[in-house]
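**Q** Have a look at this one before I ask anything.
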Amino acid sequence: MIYTDTRDSSVKVDFKTAVLNGMNSKTGGLYIPVDFPRLSDSILKNPNEPSFRSVALEMAKPYCEGEIPDADLDAIIQDAYPFISKLNQVDPITYVLELFHGPTCAFKDFGARFMARVMSYFNRENKDNLHILVATSGDTGSAVGSAFHNVPGIDVTILYPEGKISPLQEKQLSTFTGNVRALKVNGTFDDCQRLVKTAFTDAELRNKFRLSSANSINISRLLPQGFYYMYASLLAKSKSWVSNKLEDPAIIVTVPSGNFGNLTSGLIAKKMGAPITGFVAATNSNRTIPDWIATGKYDARPSVETYANAMDVGAPSNYERIAAMYSLEEVRDLFASYWLDNDGIIESIKDCNKKTGYIIDPHGAVAWKAWDDIRNGKLEEIMNGAKFDYTKPGLTTNVPSWAKEVVNKNAVGIILETADPAKFGATVKQAIGRAPVIPERLQKVMQLEDRAIPMQNDYNQFKDWLMANL
Ligand SMILES: *Cc1c(COP(=O)(O)O)cnc(C)c1O
């Protein structure tokens, strides 16, 4: 596969280069495959339930062709995914796709574990260490740290905004030993991301060290996230007559979004033939993308803190990929978009639990409320001419091409549940009066010693630290 650059379409690199560079330091652009080959009909038209790992292998093959032989790729996938996603039906037309069954209890394990194995594969003949720098708004750090922990030839430096992630999230990323360390930055997630991006464009650092990124700007994290969109949409299709009493429903996937890596992966899966009719781009009060869809103007801004903190991103980096893949008009056709403030998040956790018995986390709650509003008439109001104020929580007033399917009751919703609710026990308890059960792998991490290193929000200090410690 050839990969090009969102800012310069004359760029052509192979998978290895795209993965190890993370981003193109010359242009500041992001790598993107030139093509998203459709899976064969033997998979897409198979009426039986799909297998996650077979779907994953078939999806990964074209992106690694000529660089990772199929047998090695299969081994990478088997090793990365001892767990899979679970499609959980919560009412006649709604599924919650649980993406938190990996080691760190959030969806980022899907991307990080594939990326770690691919990087280690490409790095296997190198004598110098590969240094991964990663900024995290909460869950990336632990997923990446866990995925790379004890991988030979690679070390990881995690930057996180001090005091702006949950205590449990902080434990999960600050307690690694050996090749993974964490810096607690006196600033926001966007500050952390800027420090990392600046380091990548710093010629002096790049000449001295082999640096790579592990944020969702890295294409090897995005591609594997497409696996569960393909798997879940094929699975929902195969069950729709029995589970939803619908012959051939439109499948609408609602994605709680921050940096928009997850949603971009959904777009990739759709291009590869996943039976997904449309998406709902759902955010918390960091509503840069809904505002873009509403107004046509992309206006990145500082992030604000919310209960769904892994989505506290004011300048979503994958906007650049979405805009490279689709025009604004196509985006308005394909996406409904929605945002929810903190009060809405609490209400939504409560509402979801009351209507279905399901305990949803604050991120999934954003998606639940978006889908619940859509199927309960909000989209129909827009089709009938209602104009909503995009500066207030709710839907933006574009009419996606699939709106009719929802109004005609021929749509099924898949809500992505991106984290185990136990990671946000206090918020869940505030909403429903009790905290979720904490899985054993989270209980264990709470006992470990905190090893994070304090860091000012200052590039020179960060660079000095890197020079002295890499
Ligand atoms: C990272 C994260 C998100 C946002 O995903 P993006 O790919 O950045 O849009 C949502 N929920 C949880 C729990 C996360 O960790």
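Residue numbering restarts at 1 for every chain of the structure tokens, chains are lettered A, B, ... in their displayed order, and ligands are numbered from 1 as they appear.
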What residues of the protein or nucleic acid chains come within 7 Å of ligand 1 when you use only C-alpha atoms and all ligand atoms? Reply as a ChimeraX atom specification.

**A** /A:106-108,138-140,216,256-263,310-311,363,418-419

**Q** Apply DSSP to the structure's backbone, then extract all residues of range 218-399 of chain A labelled strand (DSSP E) and return them as a PyMOL selection string.

**A** chain A and resi 250-256+278-283+335-339+394-395

**Q** List every residue of range 296-443 of chain A that DSSP, applied to the backbone of this structure, places in helix (DSSP H, G or I), and write the result as a ChimeraX atom specification.

**A** /A:309-311,319-325,328-334,342-356,362-383,403-407,421-432,440-443

**Q** Please identify all polymer residues within 10 Å of Gly187 in chain A, counting only C-alpha atoms, omitting same-chain residues fewer than 2 positions from it, and present them as an MDAnalysis selection string.

**A** chainID A and resid 160:164 184:185 189:192 455:458

**Q** From the options A:His131, A:Lys404, A:Lys208, A:Lys387, which residue's atoms come nearest to Gly278 in chain A, counting only C-alpha atoms?

**A**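 Residue with the minimum atom-to-atom distance to Gly278 in chain A: A:Lys404.
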
**Q** Got a sec: who's within 12 Å of Ala282 in chain A, counting only C-alpha atoms, leaving out chain neighbours fewer than 3 positions off, as an MDAnalysis selection string?

**A** chainID A and resid 253:260 262:263 279 285:291 293 308 311 335:341 345 363:371 373:374 393:396 415:416

**Q** Restrict the selected residues to C-alpha atoms and save them as a PDB file, in the first residue's frame.

**A**
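The result, written out as result-v3.pdb:
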ATOM      1  CA  VAL A 253     -23.061   4.145  14.395  1.00  0.00           C
ATOM      2  CA  THR A 254     -22.786   6.806  17.081  1.00  0.00           C
ATOM      3  CA  VAL A 255     -19.228   7.626  18.056  1.00  0.00           C
ATOM      4  CA  PRO A 256     -18.292   9.554  21.208  1.00  0.00           C
ATOM      5  CA  SER A 257     -15.408  11.601  19.879  1.00  0.00           C
ATOM      6  CA  GLY A 258     -12.452  13.716  20.952  1.00  0.00           C
ATOM      7  CA  ASN A 259      -9.523  13.556  18.576  1.00  0.00           C
ATOM      8  CA  PHE A 260     -11.795  11.841  16.010  1.00  0.00           C
ATOM      9  CA  ASN A 262     -12.229   6.438  16.308  1.00  0.00           C
ATOM     10  CA  LEU A 263     -14.672   8.005  13.881  1.00  0.00           C
ATOM     11  CA  PHE A 279     -22.512   8.048  11.597  1.00  0.00           C
ATOM     12  CA  SER A 285     -18.704  20.584  25.311  1.00  0.00           C
ATOM     13  CA  ASN A 286     -15.585  20.513  23.125  1.00  0.00           C
ATOM     14  CA  ARG A 287     -17.766  20.986  20.079  1.00  0.00           C
ATOM     15  CA  THR A 288     -15.281  22.018  17.420  1.00  0.00           C
ATOM     16  CA  ILE A 289     -16.526  19.410  14.922  1.00  0.00           C
ATOM     17  CA  PRO A 290     -20.301  19.903  15.465  1.00  0.00           C
ATOM     18  CA  ASP A 291     -19.688  23.630  15.049  1.00  0.00           C
ATOM     19  CA  ILE A 293     -20.678  20.853  10.501  1.00  0.00           C
ATOM     20  CA  ALA A 308     -16.036  12.668  29.544  1.00  0.00           C
ATOM     21  CA  MET A 311     -12.838  13.582  24.751  1.00  0.00           C
ATOM     22  CA  PHE A 335     -22.994  12.459   9.647  1.00  0.00           C
ATOM     23  CA  ALA A 336     -25.494  13.742  12.083  1.00  0.00           C
ATOM     24  CA  SER A 337     -23.621  15.682  14.714  1.00  0.00           C
ATOM     25  CA  TYR A 338     -24.422  16.270  18.317  1.00  0.00           C
ATOM     26  CA  TRP A 339     -22.912  17.685  21.470  1.00  0.00           C
ATOM     27  CA  LEU A 340     -23.759  17.358  25.146  1.00  0.00           C
ATOM     28  CA  ASP A 341     -22.713  19.362  28.223  1.00  0.00           C
ATOM     29  CA  ILE A 345     -23.971  13.582  30.520  1.00  0.00           C
ATOM     30  CA  HIS A 363     -18.224   8.901  27.101  1.00  0.00           C
ATOM     31  CA  GLY A 364     -20.716   6.312  25.922  1.00  0.00           C
ATOM     32  CA  ALA A 365     -23.409   8.456  27.571  1.00  0.00           C
ATOM     33  CA  VAL A 366     -22.784  11.208  25.025  1.00  0.00           C
ATOM     34  CA  ALA A 367     -23.467   8.691  22.270  1.00  0.00           C
ATOM     35  CA  TRP A 368     -26.515   7.199  24.000  1.00  0.00           C
ATOM     36  CA  LYS A 369     -28.230  10.565  24.313  1.00  0.00           C
ATOM     37  CA  ALA A 370     -27.431  11.494  20.712  1.00  0.00           C
ATOM     38  CA  TRP A 371     -28.909   8.250  19.366  1.00  0.00           C
ATOM     39  CA  ASP A 373     -32.778  11.872  20.618  1.00  0.00           C
ATOM     40  CA  ILE A 374     -32.360  10.935  16.974  1.00  0.00           C
ATOM     41  CA  PRO A 393     -26.539  21.051  23.383  1.00  0.00           C
ATOM     42  CA  GLY A 394     -28.210  18.801  20.821  1.00  0.00           C
ATOM     43  CA  LEU A 395     -28.172  18.083  17.113  1.00  0.00           C
ATOM     44  CA  THR A 396     -26.838  20.359  14.419  1.00  0.00           C
ATOM     45  CA  ILE A 415     -23.462   3.053  20.210  1.00  0.00           C
ATOM     46  CA  LEU A 416     -19.760   2.778  20.825  1.00  0.00           C
TER      47      LEU A 416
END

**Q** Just want the 9 Å neighbourhood of Ile322 in chain A, counted on only C-alpha atoms, with same-chain residues fewer than 4 positions away dropped. Output as an NGL selection string.

**A** :A and (260 or 263-264 or 267 or 318 or 326-327 or 331)
